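Participant: Quick one: the structure is below, questions incoming.
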Amino acid sequence: MTTHLILLAAGEGTRMKSDRAKALHEIGDAPMFVHALASADELSSGRRVIVVGHGGDAVADAARSLDDTILIARQEMQLGTAHAVGAAASALDGAEGDALVLYGDTPFIRPETLANMADARQAGADIVILGFEAEDPARYGRFITEGDTLLRIVEWKDATEEERAVQLCNSGVVMADVSVLMDLVEAVGNNNASEEYYLTDIIEIGRARGLTTRVVLCDEAETLGVNSRGDLARAEAIFQARRRAVLLNDGVTLVAPETVHLSFDTLIGRDAVIEPNVVFGPGVTVETGALIRAFCHLEGCHIGSGAIVGPFARLRTGAEVSNGAKVGNFVEMKNATLGEGAKANHLSYIGDADVGPRANIGAGTITCNYDGVFKHRTEIGEEAFIGSDTMLVAPVRVGAGAMTASGTVVTKDVPDGALAVGRTRQDNKLTFATRFFEKLRAAKAANGKG
Ligand code: UD1
Ligand code: MG
C-alpha cells in the first residue's frame, strides 16, 4: 500500500534560543528533520510533505536541496498539531493510501517500529498510534485506556491528577488512511487548556465515528524529542553511539569509539581501522582495510582500500586517495586525486591536482592553485618525484617519471623524465662562517654584555 509521509516541522523551538529554525539544527551533520525522513524511507512510497512555519524558507530550501521531490506545506500560524496536519491537505490532494505523521524534532523512531505500525494497519485498525511506557511521563499526552481499547488521549495540561498518574504516553506518531485522517483533523476543535488544535483528539472523534484504533508500542529512547541545546547534545550522543555500534558490528575497528565523530552518511568498509580522535564530516567513504590514524579531519572524500591517512591529515571535498596511497601528517588535500600507491607523507597542500600512481610528493610541497580569482589544476604524472619544498604554480604539469629539485618553483610544464631545477644557484664562500662568528664573539667579549 502507498504510504505518504507528513513531517511536522513548523515548531518554533523557542527554547533553542536560536535564529535558525529548530528543524535545521544538525545531528550527525544533517538537519535533524533528515533523520525522521530517513526512518520513513523504506515505508513511505508516496508523497512526502514537510509542514514548515517558523523559518520555513530555510527549512524548505534544505529539504529541496536534499531531494527536490519533497513537497512543502506552509503553516503560517502554529495553532496545534492537528492544524499542522491539516496544512498538508492540499499537498495530499487526490492522494490515496495511508498517511504517516512524523515529527521533525523526533529523530530516533526506528524503521522497524514504523513497519510494526504498517502491520497494525494491514491487520485492520483504522488509526494506528505509537505509544511508549515513560519512566518519567512528565508533560507527554497520556493514553486513557479501557482494557485493550484506547478511549482518548489527554494532554498533560488538561489532565486530572488521576490521568497524570498514567504512564502510557503518546509519541504523536500516527498512521491512518489519508482521507480519513484529513476528515478527522478537520473535525478537531480547540476547546482545551492551550486553545490549540490537538491531533490527539482524532482518537475520540474517530471512536465516535466507529473507527478502530490500535496502539503500537516502542522504546522510550525512540521518542526522544529535541527542544533545547541540551536535548540536541543528548541526541547527538545517542546518534553517535548508534552509528559507532553499527560500524563495530560491520567489522570496522574503532580503537577508541567514543572519540570518533561520524556523519549521517559515513561509510566505512570491513577491516578498516580508525584510530582515536577522528572526525568524519559529511560524504566520506572509506574502503576495506584502510587505516585512518589519529586526529584526522575528513569530509567529502573517498579513501581507497589499504590506504593510510594521518595522523593529523585534513581531507576536504573532492579528495580521492586511491588504493594503497599514503597521506601523512599535516597534509591537506582538496579536489585532488592521489593515484594508487602514491605518497604525500608530510606537510603538503595538494589542491585541484591529479597525482599519478606511485608518485612521491616531498615534504613541504604546495600546489599554488589560486591566483586570487581563479583556481587552476596541477597534474603530476605517474612515478614523478617532487622534491621537498616544491611550489607548483598552476596550471602546470609535471610529466611521468619526472623530478623537481628541492625548493623549485615550477612555473612551466616539466616533460616526462626531465628534472626541473628552479632556484638560485648555490655559492660557497669558504671560511666565511668561521670568520664571521669569530668577529661577533670577539665583539661580545670586548663590551662584556650577553
Ligand atoms: C505532542 C502531543 C503529545 C505527545 C508529544 C510527544 C499533541 C496535541 N500533543 O505534544 O500528546 O505526548 O507531542 O512529544 O499533539 N507542530 C507544528 N505546528 C504546530 C504545532 C506543532 O508543526 O502548530 C510540530 C512541532 O514542530 C513538533 C510537533 O509538531 O515537531 C509536536 O509539537 P509540540 O508542540 O512539541 O507538541 P507537544 O506539546 O510536545
Ligand atoms: Mg514536543
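Here, A, B, ... name the chains of the C-alpha cells in the order displayed, residue numbers run from 1 inside each chain, and ligands are numbered from 1 in the same displayed order.
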Taking 5 positions as the minimum chain separation for residues in the same chain, which residues sit within 12 Å of Val178 in chain A when counting only C-alpha atoms? Answer as a list in words.
Facilitator: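 Residues meeting the cut-off are Met1, Thr2, Thr3, His4, Leu5, Ile6, Gly46, Arg47, Val85, Gly86, Ala88, Ala89, Ser90, Ala91, Leu92, Asp93, Gly94, Ala95, Glu96, Gly97, Asp98, Ala99, Leu100, Val101, Asp126, Ile127, Asp183, Leu184 and Val185 of chain A.
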Participant: Please identify every polymer residue within 9 Å of ligand 2, using only C-alpha atoms and all ligand atoms, and present the set as a ChimeraX atom specification.
Facilitator: /A:11,103,105-106,139-140,172,225-227
Participant: Near range 293-308 of chain A, counting only C-alpha atoms, which residues have an atom at most 6 Å away, once you skip same-chain residues fewer than 2 positions from it, shown as a PyMOL selection string?
Facilitator: chain A and resi 275-291+310-326
Participant: Write to file, as a compact mmCIF listing (two decimals), in the first residue's frame, the residues of the selection just made, with N, CA, C and O atoms.
Facilitator:
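Everything below was put into selection.txt:
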# COMPACT_ATOMS: atom_id res chain seq x y z
N GLU A 275 41.77 5.06 14.16
CA GLU A 275 42.43 5.37 15.44
C GLU A 275 41.64 6.46 16.18
O GLU A 275 40.70 7.03 15.65
N PRO A 276 42.05 6.79 17.40
CA PRO A 276 41.29 7.77 18.20
C PRO A 276 41.22 9.17 17.58
O PRO A 276 42.09 9.55 16.79
N ASN A 277 40.20 9.90 17.95
CA ASN A 277 40.04 11.32 17.62
C ASN A 277 40.03 11.62 16.13
O ASN A 277 40.81 12.43 15.63
N VAL A 278 39.15 10.95 15.43
CA VAL A 278 38.99 11.22 14.00
C VAL A 278 37.58 11.79 13.79
O VAL A 278 36.62 11.32 14.38
N VAL A 279 37.51 12.85 12.96
CA VAL A 279 36.22 13.48 12.65
C VAL A 279 35.84 13.14 11.21
O VAL A 279 36.59 13.46 10.28
N PHE A 280 34.70 12.49 11.05
CA PHE A 280 34.16 12.23 9.71
C PHE A 280 33.04 13.24 9.47
O PHE A 280 31.97 13.14 10.06
N GLY A 281 33.29 14.23 8.61
CA GLY A 281 32.23 15.14 8.19
C GLY A 281 31.38 14.44 7.13
O GLY A 281 31.60 13.26 6.83
N PRO A 282 30.43 15.16 6.53
CA PRO A 282 29.54 14.53 5.55
C PRO A 282 30.30 14.00 4.33
O PRO A 282 31.34 14.54 3.95
N GLY A 283 29.78 12.96 3.74
CA GLY A 283 30.25 12.50 2.43
C GLY A 283 31.57 11.74 2.42
O GLY A 283 32.32 11.85 1.45
N VAL A 284 31.86 10.98 3.46
CA VAL A 284 33.13 10.24 3.48
C VAL A 284 32.87 8.74 3.28
O VAL A 284 32.02 8.16 3.92
N THR A 285 33.66 8.17 2.37
CA THR A 285 33.65 6.71 2.22
C THR A 285 35.06 6.20 2.41
O THR A 285 36.00 6.72 1.81
N VAL A 286 35.19 5.20 3.25
CA VAL A 286 36.50 4.56 3.50
C VAL A 286 36.36 3.11 3.09
O VAL A 286 35.47 2.41 3.56
N GLU A 287 37.26 2.67 2.20
CA GLU A 287 37.15 1.28 1.72
C GLU A 287 37.82 0.30 2.68
O GLU A 287 38.51 0.71 3.62
N THR A 288 37.66 -0.96 2.37
CA THR A 288 38.14 -2.02 3.27
C THR A 288 39.63 -1.91 3.56
O THR A 288 40.43 -1.57 2.69
N GLY A 289 39.97 -2.21 4.78
CA GLY A 289 41.37 -2.33 5.17
C GLY A 289 42.15 -1.02 5.21
O GLY A 289 43.37 -1.04 5.40
N ALA A 290 41.51 0.10 5.03
CA ALA A 290 42.24 1.37 5.12
C ALA A 290 42.52 1.67 6.59
O ALA A 290 41.83 1.18 7.49
N LEU A 291 43.56 2.46 6.83
CA LEU A 291 43.92 2.85 8.20
C LEU A 291 43.83 4.36 8.30
O LEU A 291 44.50 5.07 7.55
N GLY A 310 46.93 10.01 7.70
CA GLY A 310 47.22 10.59 9.00
C GLY A 310 48.47 10.02 9.61
O GLY A 310 49.22 9.31 8.94
N PRO A 311 48.75 10.34 10.87
CA PRO A 311 47.94 11.17 11.76
C PRO A 311 47.92 12.64 11.31
O PRO A 311 48.78 13.04 10.53
N PHE A 312 46.94 13.38 11.79
CA PHE A 312 46.82 14.82 11.54
C PHE A 312 46.72 15.18 10.06
O PHE A 312 47.40 16.10 9.60
N ALA A 313 45.89 14.46 9.32
CA ALA A 313 45.68 14.85 7.92
C ALA A 313 44.32 15.51 7.80
O ALA A 313 43.40 15.22 8.56
N ARG A 314 44.19 16.40 6.81
CA ARG A 314 42.91 17.03 6.56
C ARG A 314 42.51 16.77 5.11
O ARG A 314 43.18 17.24 4.18
N LEU A 315 41.45 16.03 4.93
CA LEU A 315 40.97 15.74 3.57
C LEU A 315 39.65 16.44 3.37
O LEU A 315 38.69 16.21 4.10
N ARG A 316 39.65 17.35 2.38
CA ARG A 316 38.45 18.15 2.14
C ARG A 316 37.71 17.62 0.92
O ARG A 316 38.11 16.64 0.30
N THR A 317 36.64 18.34 0.56
CA THR A 317 35.75 17.86 -0.50
C THR A 317 36.50 17.55 -1.79
O THR A 317 37.29 18.37 -2.25
N GLY A 318 36.23 16.40 -2.35
CA GLY A 318 36.82 16.02 -3.63
C GLY A 318 38.18 15.38 -3.50
O GLY A 318 38.84 15.13 -4.51
N ALA A 319 38.60 15.07 -2.28
CA ALA A 319 39.88 14.36 -2.12
C ALA A 319 39.64 12.88 -2.40
O ALA A 319 38.72 12.28 -1.86
N GLU A 320 40.49 12.33 -3.25
CA GLU A 320 40.36 10.91 -3.62
C GLU A 320 41.72 10.28 -3.35
O GLU A 320 42.70 10.60 -4.02
N VAL A 321 41.77 9.42 -2.37
CA VAL A 321 43.02 8.73 -2.03
C VAL A 321 42.87 7.31 -2.55
O VAL A 321 42.06 6.54 -2.04
N SER A 322 43.66 6.98 -3.58
CA SER A 322 43.45 5.67 -4.24
C SER A 322 43.99 4.53 -3.39
O SER A 322 44.68 4.75 -2.39
N ASN A 323 43.70 3.34 -3.84
CA ASN A 323 44.12 2.15 -3.09
C ASN A 323 45.61 2.18 -2.78
O ASN A 323 46.44 2.48 -3.65
N GLY A 324 45.95 1.90 -1.55
CA GLY A 324 47.35 1.79 -1.16
C GLY A 324 48.12 3.10 -1.12
O GLY A 324 49.34 3.09 -0.91
N ALA A 325 47.47 4.22 -1.33
CA ALA A 325 48.19 5.51 -1.27
C ALA A 325 48.38 5.92 0.19
O ALA A 325 47.72 5.39 1.10
N LYS A 326 49.31 6.85 0.41
CA LYS A 326 49.59 7.29 1.78
C LYS A 326 49.53 8.80 1.88
O LYS A 326 50.16 9.51 1.08
Participant: Around ligand 1, out to 6 Å and counting only C-alpha atoms and all ligand atoms, which residues are there? I want them as a PyMOL selection string.
Facilitator: chain A and resi 8-11+78-81+84+103-105+140-141+155+169-172+198-200
Participant: So which residues of range 107-139 of chain A fall under strand (DSSP E or B) by DSSP, listed as a ChimeraX atom specification?
Facilitator: /A:127-133
Participant: In terms of the shortest atom-to-atom distance over only C-alpha atoms, which of A:Gly372, A:Gly53, A:Gly387, A:Pro107 is closest to His25 in chain A?
Facilitator: A:Pro107
Participant: Would you kindly return, as number ranges by chain, each protein, DNA or RNA residue with an atom no farther than 7 Å from any atom of Gly407 in chain A, considering only C-alpha atoms and excluding same-chain residues fewer than 6 positions away?
Facilitator: A: 388-390, 423
